[in-house]
4 protein chains.
Amino acid sequence: MASSTFIPQHFHATLGAHAHVLSVRDGDVVTTTTVDAHGLDHENIQRGGDTNPMTGPFLVEGAVPGDTLAVEIIRIRMNRRMGWTRQGLAWNVVDPARVRAMPEREKIFWRIDDNARAVRLERPTTALPEWSVPLKPMLGCFGVAPADGEYISTATSGHHGGNMDYNRFGEGATAYFPVGVEGALFCLGDAHAAQGDGEIAGTGIETSAEVEFRVRVIKGRSITWPRGEDAESLFTVGNARPLEQALQHATSEMLDWLSQDFGLDAVSAAHLLGMHVRYDIANVFNPAFSVACRLEKQALAGFSRRA
Amino acid sequence: MASSTFIPQHFHATLGAHAHVLSVRDGDVVTTTTVDAHGLDHENIQRGGDTNPMTGPFLVEGAVPGDTLAVEIIRIRMNRRMGWTRQGLAWNVVDPARVRAMPEREKIFWRIDDNARAVRLERPTTALPEWSVPLKPMLGCFGVAPADGEYISTATSGHHGGNMDYNRFGEGATAYFPVGVEGALFCLGDAHAAQGDGEIAGTGIETSAEVEFRVRVIKGRSITWPRGEDAESLFTVGNARPLEQALQHATSEMLDWLSQDFGLDAVSAAHLLGMHVRYDIANVFNPAFSVACRLEKQALAGFSRRA
Amino acid sequence: MASSTFIPQHFHATLGAHAHVLSVRDGDVVTTTTVDAHGLDHENIQRGGDTNPMTGPFLVEGAVPGDTLAVEIIRIRMNRRMGWTRQGLAWNVVDPARVRAMPEREKIFWRIDDNARAVRLERPTTALPEWSVPLKPMLGCFGVAPADGEYISTATSGHHGGNMDYNRFGEGATAYFPVGVEGALFCLGDAHAAQGDGEIAGTGIETSAEVEFRVRVIKGRSITWPRGEDAESLFTVGNARPLEQALQHATSEMLDWLSQDFGLDAVSAAHLLGMHVRYDIANVFNPAFSVACRLEKQALAGFSRRA
Amino acid sequence: MASSTFIPQHFHATLGAHAHVLSVRDGDVVTTTTVDAHGLDHENIQRGGDTNPMTGPFLVEGAVPGDTLAVEIIRIRMNRRMGWTRQGLAWNVVDPARVRAMPEREKIFWRIDDNARAVRLERPTTALPEWSVPLKPMLGCFGVAPADGEYISTATSGHHGGNMDYNRFGEGATAYFPVGVEGALFCLGDAHAAQGDGEIAGTGIETSAEVEFRVRVIKGRSITWPRGEDAESLFTVGNARPLEQALQHATSEMLDWLSQDFGLDAVSAAHLLGMHVRYDIANVFNPAFSVACRLEKQALAGFSRRA
């Protein structure tokens, strides 16, 4: 297992079978940098365009369709003090009759304090004079090249991952993607310093970052939708509109996972999920919404998990 | 403030302006019993019909349209050892292509052990031989008479509350309802011994219960959708299909709450929610889905709350 | 068979088991009047409140749950020269990003010319100086008392009919409703002088009217959703949100109709519908949307229909 | 203006910036052939894969982003006697509770009789012994390369067109697409011998075809969603899930069209649409649903149209 550092020179507006920038092996660790959702780097220099320009792709040797790519997010270091959001909420998260009275969606700037592990408004509002939010970095958009020759905008998401904007894809989490093409061709970008559920401001705190991740190839493990895992939970992510369909995808994927790894038949899985499932609305803003079907690991204590 | 005990003799299939069974005052505590979602009481005797027959209504003196009724759920005691669920998941929570392979939705029985605070399958599956779930009682369906002369089936929900099936409406929580008619006419029923998010089996563990609650009238406080509060969180509940509309209702109501009680303007509220909001999918099964917009109280520490 | 004339003195804001105003028999014809969606009568006198105050209910002798009530709309005569709409389109029928630039939704007045069979703007716009629309009267809201003790606001719709706002419920059409209570308890109101698909202005041209209709009881014919028939088509109407669910209801009801009346098995019905079905979006504005699944009668030529 | 004939040798599974197979000019007519949705040609030889393999792309000289490509469908000649559908209806067009009782979705064969302008089941059902449907050819999937470097599966649709499955895209219709890349790169395929609204069997009568079309470039005309026109109607097509969003796109595009070509301000357009709009559910089966917002030309008689 090797460690590489890669400094990107150009960025992609789609997830697809672009020429790879680096070839890595199962178990390798890569450290790289990402620009923000508008293509600004750590010095605020415009390096890529809208939306969510991607660093990569990284070819993972030996990964072929039918395998799963596991990406462990080891570290997301904020390499810029400036972050930004949109002011106000996205139009579609409030009642339509309220849209005309909503604030303008101007760009608002935040100061990221890595030492204090906190983020503050550059210009506090009267009602929020001393307010800060805990720094909790995450990757908004990452994934692999889709199958079937598609190149899909990084504004949206799908089976291949993409712009899911799920706040549990943070440091220490492992994401799983279905390999769609030879070498998987993993890309990443769109780091957020913090974000609530649903990305309801239409943004997290958008910033550039330095990201360290490890790739692993799970041979012969076929999955349909992205999965993830952190210290607390297992989760599956469905990406679609409307929310109900995203939830259907995520629930179906969790049934598969419970069968594959825990040997649970459909009835047993339904008992377990019926009592323990948690749903997170990851994003309700992007062209495809993202819903996570989540099980806390303590609900799975006592079950043996296949390697 | 007084305490009353009320033993119901008949039950209602709708929330509406039925004749009240008891008149209570602001601050009073009531202890009563509820039958299960199929109308079976603590001795498994059929007392009401499908779905979710209600105990009540309780007239709350002084409550008029424009006020809010607060109902503190002091205690939900399981008064029966038997609970039931449907086997398998609801058809609409998995991919449509998977529906034909789903288990039959037979009635499955559970044993509620109040001392052990646990619930077990009467007939464990092979994959779940020793499995139990923690007892965590909640009220699936409760609310007030709707405004405008409506009588609404207890299978569904709306502004007035109803069959929201939200697992945070448990012991210690306070629910807030917009008073729709004079006296509010509060009803309750459909206790669950436990339930995950979304009520995705189409049921919680359905049972009869003894419930103790306190009513309060918040004069002149006008709300649009049910709200709630427990030790950890504040939340608002939107009831509608599709999920996106339920979410819009809940988010809009939370904006109102943050303005009314915390003095947050729309921009400040958006900053706060954008970073801290949690969404819970309360039910994705009933005719109206329910989505909760939730804020942990620690995200509101430092803000002063109006009485 | 008898003819009655009924002049209403009060109006209902819900469809439900209100005391009947007139008892009629199978085959009887009734002539009555309706007020407009805001409760204004033929002299612009406020007689009922918002929304869609109903004339009725008419008890139909012999109708019991399990039967179908057929209502033939013989005539809808405009009894007022003034109609009104809302200016601009409903917020939810355009892209959310466009809502803030939409026209204010003021009340706009129209002149109904019954002789010319046309309706004109009271104040023509510059771009529409001489414009008129053909008079094509319809009933926006009508139906029976719901089953199970519900009283449902006339702002919305359901199994029992209600505010479907379908422009094919005009003169010459017959509507079919599932009888929910003894006597059916039919109500009507909310006449429109004209309206396109979807009621996308949130209104048709709202007016008062004189309506003549004939009731028939189809004993032992059980239906689930409203059906209808005119010279050109058979149709079924699903009422729900989102549109996809309304469409599912309507399609399912059409499958039942094709089986009941034309003896088509599920495969044959699917062949027929797959090639001939038409869907009309009746309303995409009300709390429940309405979608019609429609078959032109010429697609059914050659099939024998059960009486 | 020239006429070309092009016989395809390979087919594309995505709409994107593939190398063009022929370069044509504004006004040129092309005659080519298409394979069916499963890639079978006029001799039932497998030539392309699932789903909807495309003939093309055709580069149209002078077309650049910001222009509109007009494609007149002059002729769709059935070049095979065999067509196929899926038996039964798609799962998502009936109530979920009905899905488990639906027919298996086997492939069913039809005989296309070009002379009789009719299509018959190879194996008639008992209930449909002599049944045939009128031949009414249409193009299910066609469009241009998307903007922004996307390559999008021909199973779905978007701004660029694609798998809209709208039965008004037949002989004599003209489709308009927003040019996304230099040369537009038009592709076509997926001919249907006939199809009702919604493609609710999940298929039209799928077949190969010979297609003759004329391309025109409308310089400087910028559109957002596909538009179309036939002898009877103007229409715009929104492609998205859920249906409500597709309808929002289509309605918004029609507002733009009425402003651009007919000079109608938002209020006047709303008056016109409110009384005259027709909505067609083009497809309610594909990953993106398609809804057409349609105006009959007679509703536009008397308005002057810009060239």
# chains A, B, ... in the order shown; residues from 1 in each chain; ligands from 1

$ select_by_dssp --residues "segment 58-109 of chain D" --states "strand (DSSP E)" --output "PyMOL selection string"
chain D and resi 58-60+68-78+82-86+107-109

$ residues_around --residues "Val99 of chain B" --least-positions-apart "2" --cutoff "9 Å" --atoms "only C-alpha atoms" --output "list in words"
Ala90, Trp91, Asn92, Val94, Asp95, Pro96, Ala97, Ala101, Met102 and Pro103 of chain B; Trp91, Pro96, Val99 and Arg100 of chain D

$ write_last_selection --atoms "C-alpha atoms" --output "mmCIF file, in the first residue's frame"
data_model
loop_
_atom_site.group_PDB
_atom_site.id
_atom_site.type_symbol
_atom_site.label_atom_id
_atom_site.label_comp_id
_atom_site.auth_asym_id
_atom_site.auth_seq_id
_atom_site.Cartn_x
_atom_site.Cartn_y
_atom_site.Cartn_z
ATOM 1 C CA ALA B 90 -45.233 -1.425 3.072
ATOM 2 C CA TRP B 91 -45.263 -1.706 -0.713
ATOM 3 C CA ASN B 92 -44.435 1.928 -1.256
ATOM 4 C CA VAL B 94 -39.264 -0.283 -1.748
ATOM 5 C CA ASP B 95 -38.637 -0.047 -5.472
ATOM 6 C CA PRO B 96 -41.827 -0.891 -7.397
ATOM 7 C CA ALA B 97 -40.008 -3.673 -9.238
ATOM 8 C CA ALA B 101 -41.340 -10.438 -4.274
ATOM 9 C CA MET B 102 -42.223 -8.942 -0.898
ATOM 10 C CA PRO B 103 -43.518 -11.043 2.010
ATOM 11 C CA TRP D 91 -46.235 -1.213 -11.986
ATOM 12 C CA PRO D 96 -49.451 -0.117 -5.224
ATOM 13 C CA VAL D 99 -49.169 -4.528 -8.216
ATOM 14 C CA ARG D 100 -48.895 -8.061 -6.933
#

$ interface_residues --of "chain C" --to "chain D" --cutoff "8 Å" --atoms "only C-alpha atoms" --output "ChimeraX atom specification"
/C:87-89,92-95,102-103,125,127-128,133,194-201,204,242-245,247-249,251-252,263-268,270-271,273-281

$ residues_around --residues "segment 31-40 of chain C" --least-positions-apart "3" --cutoff "8 Å" --atoms "only C-alpha atoms" --output "JSON, numbers by chain"
{"C": [3, 4, 5, 6, 7, 8, 43, 44, 45, 46, 47, 48, 49, 50, 51, 52, 53, 54, 55, 188, 189, 190, 191, 206, 207, 208, 209, 210, 211, 212, 213]}

$ closest_atom_pairs --of "segment 125-177 of chain D" --to "segment 137-151 of chain A" --cutoff "7 Å" --atoms "only C-alpha atoms" --output "CSV"
residue,atom,partner,partner_atom,distance
D:Glu150,CA,A:Tyr151,CA,4.9
D:Tyr151,CA,A:Tyr151,CA,4.7
D:Ile152,CA,A:Glu150,CA,5.4
D:Ser153,CA,A:Glu150,CA,6.1

$ write_last_selection --atoms "C-alpha atoms" --output "mmCIF file, in the first residue's frame"
data_model
loop_
_atom_site.group_PDB
_atom_site.id
_atom_site.type_symbol
_atom_site.label_atom_id
_atom_site.label_comp_id
_atom_site.auth_asym_id
_atom_site.auth_seq_id
_atom_site.Cartn_x
_atom_site.Cartn_y
_atom_site.Cartn_z
ATOM 1 C CA GLU D 150 -23.041 15.418 -20.408
ATOM 2 C CA TYR D 151 -23.706 12.110 -22.150
ATOM 3 C CA ILE D 152 -27.157 11.017 -21.069
ATOM 4 C CA SER D 153 -28.642 7.554 -21.384
#

$ atom_distance --atom1 "atom CA of Tyr176 of chain B" --atom2 "atom CA of Pro287 of chain C"
23.2 Å

$ select_by_dssp --residues "segment 177-286 of chain A" --states "helix (DSSP H, G or I)" --output "PyMOL selection string"
chain A and resi 197-199+243-262+266-276

$ residues_around --residues "Ala19 of chain C" --least-positions-apart "5" --cutoff "10 Å" --atoms "only C-alpha atoms" --output "number ranges by chain"
C: 56-59, 185

$ write_last_selection --atoms "C-alpha atoms" --output "tab-separated table (two decimals), in the first residue's frame"
chain	number	residue	atom	x	y	z
C	56	GLY	CA	-77.91	20.30	-1.00
C	57	PRO	CA	-77.67	17.65	0.11
C	58	PHE	CA	-80.29	15.81	-1.91
C	59	LEU	CA	-81.24	12.48	-0.46
C	185	LEU	CA	-76.63	12.92	0.03

$ residues_around --residues "Met164 of chain D" --least-positions-apart "2" --cutoff "8 Å" --atoms "only C-alpha atoms" --output "PyMOL selection string"
chain D and resi 140-141+156-157+161-162+166+239+282-283+289-290
